[in-house]
Amino acid sequence: MRVFRKIRQIFLSENRFSKYILYAIGEIFLVVIGILIALQINTWNDNRIKNGQVKSYALKLISDLSQDIQEVKFIKWEAEAAYIRLDSLINYTRNLSIEDYKNLDFYVLTYNARYRPYSWNRSSYEELKSTGILGYFDNDSLVNRLVKYEAFTKHLDADYLEDIELIRDANKLMHKAVNFNYKGNPLSIRKITTPYQVDEVEIIDFHQADFYEELEQQRLDFINRDKKLLNEIINSYVDLKFNFNTRYSIELPRLINDAESIIKLLENVYLIDDIENGKIERYKI
């Protein structure tokens with residue numbers, strides 16, 4: 001700056017106006033260049049901060065989605081197990097006369113015919129929306145998928161409310177007809193379907209199971225064997241059977257697939273360098 005001042009004073013003292021103008025233009029040019037460099041540095045720094053936030057939230061979203069997937073896989077198993085039991089109940093009643101229905105069979109095949117409520121991990125996505133950081137994700141496909149994923153989880157919440165209402169109505173009818181006063185551990189009844197670790201759920205021949213023989217010895221019969229009431233019970237479980245089938249065979253597989261596709265997109269767009277450098281591992285589908 002001292003050098004610039006001296007040059008400016010020399011030009012003015014010697015009345016070299018044309019050279020002074022050129023000097024002034026040059027000085028303005030240098031100032032502009034300095035401002036542009038400062039802006040570029042500031043932009044680079046902002047981008048660095050944004051990229052860091054995007055990577056951080058990409059990891060958080062993957063963590064939340066992976067937890068959703070594990071939770072939904074278990075709920076899918078529960079819904080499928082409930083569907084198979086109710087399907088077995090309907091086939092059972094179709095092939096027998098009402099006089100041959102057994103109280104114990106109704107008790108076993110409708111036991112715990114439900115699935116747990118959803119517990120979505122939405123904290124990271126809610127933070128993205130509330131802080132405006134979602135706008136840093138410059139991939140329209142990703143943003144659209146996140147919006148649709150959230151909407152679908154809310155749709156499933158509404159489905160659960162519908163299902164739980166049908167379950168309550170069916171249980172009310174069941175308690176009017178079926179005697180539930182069996183002694184023993186009812187959790188053993190769950191063994192009539194394959195365990196969660198098995199991909200495909202199937203029902204076993206529960207009539208040959210030890211727990212069935214033990215319960216059968218208690219010789220409990222229907223509280224009410226009214227034909228109309230028993231038909232109402234069966235019809236109530238027909239509706240539930242259809243809903244459980246929709247949940248485990250269509251909706252929940254779709255949600256798992258949507259979550260996994262979002263995870264894959266997050267990794268390929270925002271985390272690929274860290275994955276290739278071995279800093280983080282890919283989500284294992």
# chains A, B, ... in the order shown; residues from 1 in each chain; ligands from 1
$ residues_around --residues "region 112-118 of chain A" --least-positions-apart "5" --cutoff "6 Å" --atoms "only C-alpha atoms" --output "ChimeraX atom specification"
/A:75,78-79,82
$ select_by_dssp --residues "region 42-272 of chain A" --states "helix (DSSP H, G or I)" --output "number ranges by chain"
A: 42-94, 98-100, 103-110, 123-131, 133-136, 140-177, 186-192, 206-208, 210-216, 227-270, 272
$ residues_around --residues "Ser236 (chain A)" --least-positions-apart "2" --cutoff "10 Å" --atoms "only C-alpha atoms" --output "list in words"
Leu166, Ile167, Asp169, Ala170, Asn171, Leu173, Met174, Leu230, Asn231, Glu232, Ile233, Ile234, Val238, Asp239, Leu240 and Lys241 of chain A
$ atom_distance --atom1 "CA of Ala259 (chain A)" --atom2 "CA of Leu61 (chain A)"
9.9 Å
$ residues_around --residues "region 144-147 of chain A" --least-positions-apart "4" --cutoff "9 Å" --atoms "only C-alpha atoms" --output "ChimeraX atom specification"
/A:125,139-140,151-152,258-259,261-262
$ write_last_selection --atoms "N, CA, C and O atoms" --output "tab-separated table (two decimals), in the first residue's frame"
chain	number	residue	atom	x	y	z
A	125	TYR	N	-34.08	-37.28	9.50
A	125	TYR	CA	-34.85	-36.66	8.42
A	125	TYR	C	-35.58	-35.41	8.91
A	125	TYR	O	-35.64	-34.39	8.21
A	139	ASN	N	-29.50	-33.88	-5.12
A	139	ASN	CA	-29.94	-34.99	-5.96
A	139	ASN	C	-31.46	-35.08	-5.85
A	139	ASN	O	-32.00	-35.49	-4.81
A	140	ASP	N	-32.14	-34.68	-6.90
A	140	ASP	CA	-33.61	-34.64	-6.88
A	140	ASP	C	-34.21	-36.02	-6.64
A	140	ASP	O	-35.23	-36.16	-5.95
A	151	ALA	N	-43.89	-40.58	3.46
A	151	ALA	CA	-45.33	-40.67	3.22
A	151	ALA	C	-45.80	-42.12	3.34
A	151	ALA	O	-46.89	-42.39	3.88
A	152	PHE	N	-44.99	-43.06	2.87
A	152	PHE	CA	-45.38	-44.47	2.93
A	152	PHE	C	-45.38	-44.98	4.37
A	152	PHE	O	-46.23	-45.80	4.74
A	258	ASP	N	-37.58	-49.90	-0.72
A	258	ASP	CA	-37.41	-48.44	-0.81
A	258	ASP	C	-36.27	-47.97	0.08
A	258	ASP	O	-35.45	-47.14	-0.33
A	259	ALA	N	-36.23	-48.48	1.31
A	259	ALA	CA	-35.18	-48.07	2.25
A	259	ALA	C	-33.80	-48.48	1.73
A	259	ALA	O	-32.84	-47.70	1.80
A	261	SER	N	-32.91	-48.95	-1.38
A	261	SER	CA	-32.55	-48.16	-2.57
A	261	SER	C	-32.06	-46.78	-2.16
A	261	SER	O	-31.15	-46.22	-2.78
A	262	ILE	N	-32.65	-46.19	-1.11
A	262	ILE	CA	-32.20	-44.89	-0.61
A	262	ILE	C	-30.79	-45.01	-0.03
A	262	ILE	O	-29.93	-44.16	-0.26
$ atom_distance --atom1 "CA of Glu150 (chain A)" --atom2 "CA of Ile272 (chain A)"
24.7 Å
$ residues_around --residues "Ala177 (chain A)" --least-positions-apart "6" --cutoff "9 Å" --atoms "only C-alpha atoms" --output "list of chain:residue names"
A:Asn103, A:Phe222, A:Ile223, A:Asn224, A:Arg225, A:Asp226, A:Leu229, A:Leu230, A:Ile233
$ closest_residue --among "A:Thr93, A:Ser249, A:Asn257, A:Ser119" --to "Lys76 (chain A)" --atoms "only C-alpha atoms"
A:Ser249
$ atom_distance --atom1 "CA of Leu104 (chain A)" --atom2 "CA of Glu165 (chain A)"
24.3 Å
$ closest_residue --among "A:Lys228, A:Lys176, A:Val143, A:Leu86" --to "Asn243 (chain A)" --atoms "only C-alpha atoms"
A:Leu86
$ closest_residue --among "A:Phe242, A:Tyr136, A:Tyr101, A:Tyr160" --to "Gly52 (chain A)" --atoms "only C-alpha atoms"
A:Tyr136
$ residues_around --residues "region 198-213 of chain A" --least-positions-apart "4" --cutoff "10 Å" --atoms "only C-alpha atoms" --output "list in words"
Lys73, Trp77, Glu78, Glu80, Ala81, Ala82, Tyr83, Ile84, Arg85, Ser88, Leu104, Asp105, Val108, Leu109, Gly184, Asn185, Pro186, Leu187, Ser188, Ile189, Arg190, Lys191, Ile192, Thr193, Thr194, Gln217 and Gln218 of chain A
$ write_last_selection --atoms "N, CA and C atoms" --output "PDB file, in the first residue's frame"
ATOM      1  N   LYS A  73     -38.535 -56.058   9.154  1.00  0.00           N
ATOM      2  CA  LYS A  73     -38.360 -57.482   8.859  1.00  0.00           C
ATOM      3  C   LYS A  73     -39.019 -58.342   9.934  1.00  0.00           C
ATOM      4  N   TRP A  77     -42.408 -60.736   9.585  1.00  0.00           N
ATOM      5  CA  TRP A  77     -42.511 -62.121  10.054  1.00  0.00           C
ATOM      6  C   TRP A  77     -43.753 -62.297  10.923  1.00  0.00           C
ATOM      7  N   GLU A  78     -44.016 -61.359  11.821  1.00  0.00           N
ATOM      8  CA  GLU A  78     -45.194 -61.458  12.675  1.00  0.00           C
ATOM      9  C   GLU A  78     -46.480 -61.462  11.853  1.00  0.00           C
ATOM     10  N   GLU A  80     -46.831 -62.320   8.716  1.00  0.00           N
ATOM     11  CA  GLU A  80     -46.930 -63.551   7.936  1.00  0.00           C
ATOM     12  C   GLU A  80     -47.351 -64.721   8.816  1.00  0.00           C
ATOM     13  N   ALA A  81     -46.782 -64.799  10.023  1.00  0.00           N
ATOM     14  CA  ALA A  81     -47.155 -65.870  10.942  1.00  0.00           C
ATOM     15  C   ALA A  81     -48.640 -65.770  11.303  1.00  0.00           C
ATOM     16  N   ALA A  82     -49.123 -64.541  11.550  1.00  0.00           N
ATOM     17  CA  ALA A  82     -50.541 -64.343  11.866  1.00  0.00           C
ATOM     18  C   ALA A  82     -51.409 -64.743  10.686  1.00  0.00           C
ATOM     19  N   TYR A  83     -50.970 -64.362   9.481  1.00  0.00           N
ATOM     20  CA  TYR A  83     -51.734 -64.725   8.280  1.00  0.00           C
ATOM     21  C   TYR A  83     -51.849 -66.241   8.147  1.00  0.00           C
ATOM     22  N   ILE A  84     -50.749 -66.961   8.339  1.00  0.00           N
ATOM     23  CA  ILE A  84     -50.757 -68.416   8.164  1.00  0.00           C
ATOM     24  C   ILE A  84     -51.666 -69.072   9.192  1.00  0.00           C
ATOM     25  N   ARG A  85     -51.655 -68.570  10.418  1.00  0.00           N
ATOM     26  CA  ARG A  85     -52.537 -69.139  11.445  1.00  0.00           C
ATOM     27  C   ARG A  85     -54.005 -68.925  11.083  1.00  0.00           C
ATOM     28  N   SER A  88     -55.039 -71.070   8.299  1.00  0.00           N
ATOM     29  CA  SER A  88     -55.237 -72.431   8.791  1.00  0.00           C
ATOM     30  C   SER A  88     -56.580 -72.545   9.511  1.00  0.00           C
ATOM     31  N   LEU A 104     -59.863 -75.619  21.737  1.00  0.00           N
ATOM     32  CA  LEU A 104     -58.411 -75.480  21.771  1.00  0.00           C
ATOM     33  C   LEU A 104     -57.853 -75.061  20.415  1.00  0.00           C
ATOM     34  N   ASP A 105     -58.437 -75.582  19.328  1.00  0.00           N
ATOM     35  CA  ASP A 105     -57.950 -75.221  17.997  1.00  0.00           C
ATOM     36  C   ASP A 105     -58.195 -73.744  17.701  1.00  0.00           C
ATOM     37  N   VAL A 108     -55.575 -71.820  19.779  1.00  0.00           N
ATOM     38  CA  VAL A 108     -54.212 -71.899  19.246  1.00  0.00           C
ATOM     39  C   VAL A 108     -54.066 -71.100  17.956  1.00  0.00           C
ATOM     40  N   LEU A 109     -55.019 -71.234  17.035  1.00  0.00           N
ATOM     41  CA  LEU A 109     -54.877 -70.628  15.711  1.00  0.00           C
ATOM     42  C   LEU A 109     -55.127 -69.122  15.700  1.00  0.00           C
ATOM     43  N   GLY A 184     -50.806 -72.995  32.029  1.00  0.00           N
ATOM     44  CA  GLY A 184     -49.555 -73.296  31.345  1.00  0.00           C
ATOM     45  C   GLY A 184     -48.997 -72.063  30.665  1.00  0.00           C
ATOM     46  N   ASN A 185     -47.863 -72.248  30.002  1.00  0.00           N
ATOM     47  CA  ASN A 185     -47.179 -71.139  29.346  1.00  0.00           C
ATOM     48  C   ASN A 185     -47.708 -70.952  27.923  1.00  0.00           C
ATOM     49  N   PRO A 186     -48.491 -69.890  27.672  1.00  0.00           N
ATOM     50  CA  PRO A 186     -49.053 -69.699  26.330  1.00  0.00           C
ATOM     51  C   PRO A 186     -48.012 -69.365  25.270  1.00  0.00           C
ATOM     52  N   LEU A 187     -46.806 -68.929  25.689  1.00  0.00           N
ATOM     53  CA  LEU A 187     -45.777 -68.572  24.717  1.00  0.00           C
ATOM     54  C   LEU A 187     -45.345 -69.773  23.877  1.00  0.00           C
ATOM     55  N   SER A 188     -45.530 -70.985  24.414  1.00  0.00           N
ATOM     56  CA  SER A 188     -45.152 -72.172  23.650  1.00  0.00           C
ATOM     57  C   SER A 188     -45.999 -72.322  22.397  1.00  0.00           C
ATOM     58  N   ILE A 189     -47.164 -71.670  22.369  1.00  0.00           N
ATOM     59  CA  ILE A 189     -48.037 -71.753  21.202  1.00  0.00           C
ATOM     60  C   ILE A 189     -47.364 -71.122  19.989  1.00  0.00           C
ATOM     61  N   ARG A 190     -46.479 -70.172  20.210  1.00  0.00           N
ATOM     62  CA  ARG A 190     -45.793 -69.524  19.093  1.00  0.00           C
ATOM     63  C   ARG A 190     -44.949 -70.506  18.289  1.00  0.00           C
ATOM     64  N   LYS A 191     -44.656 -71.654  18.878  1.00  0.00           N
ATOM     65  CA  LYS A 191     -43.813 -72.625  18.196  1.00  0.00           C
ATOM     66  C   LYS A 191     -44.518 -73.289  17.017  1.00  0.00           C
ATOM     67  N   ILE A 192     -45.797 -73.012  16.829  1.00  0.00           N
ATOM     68  CA  ILE A 192     -46.474 -73.641  15.692  1.00  0.00           C
ATOM     69  C   ILE A 192     -46.081 -72.978  14.379  1.00  0.00           C
ATOM     70  N   THR A 193     -45.349 -71.843  14.447  1.00  0.00           N
ATOM     71  CA  THR A 193     -44.788 -71.244  13.230  1.00  0.00           C
ATOM     72  C   THR A 193     -43.280 -71.201  13.374  1.00  0.00           C
ATOM     73  N   THR A 194     -42.590 -71.242  12.238  1.00  0.00           N
ATOM     74  CA  THR A 194     -41.139 -71.277  12.259  1.00  0.00           C
ATOM     75  C   THR A 194     -40.574 -70.001  12.867  1.00  0.00           C
ATOM     76  N   GLN A 217     -55.528 -81.956  27.501  1.00  0.00           N
ATOM     77  CA  GLN A 217     -55.921 -82.724  28.689  1.00  0.00           C
ATOM     78  C   GLN A 217     -56.778 -81.917  29.649  1.00  0.00           C
ATOM     79  N   GLN A 218     -56.766 -80.582  29.519  1.00  0.00           N
ATOM     80  CA  GLN A 218     -57.577 -79.747  30.400  1.00  0.00           C
ATOM     81  C   GLN A 218     -59.048 -79.738  29.991  1.00  0.00           C
TER      82      GLN A 218
END
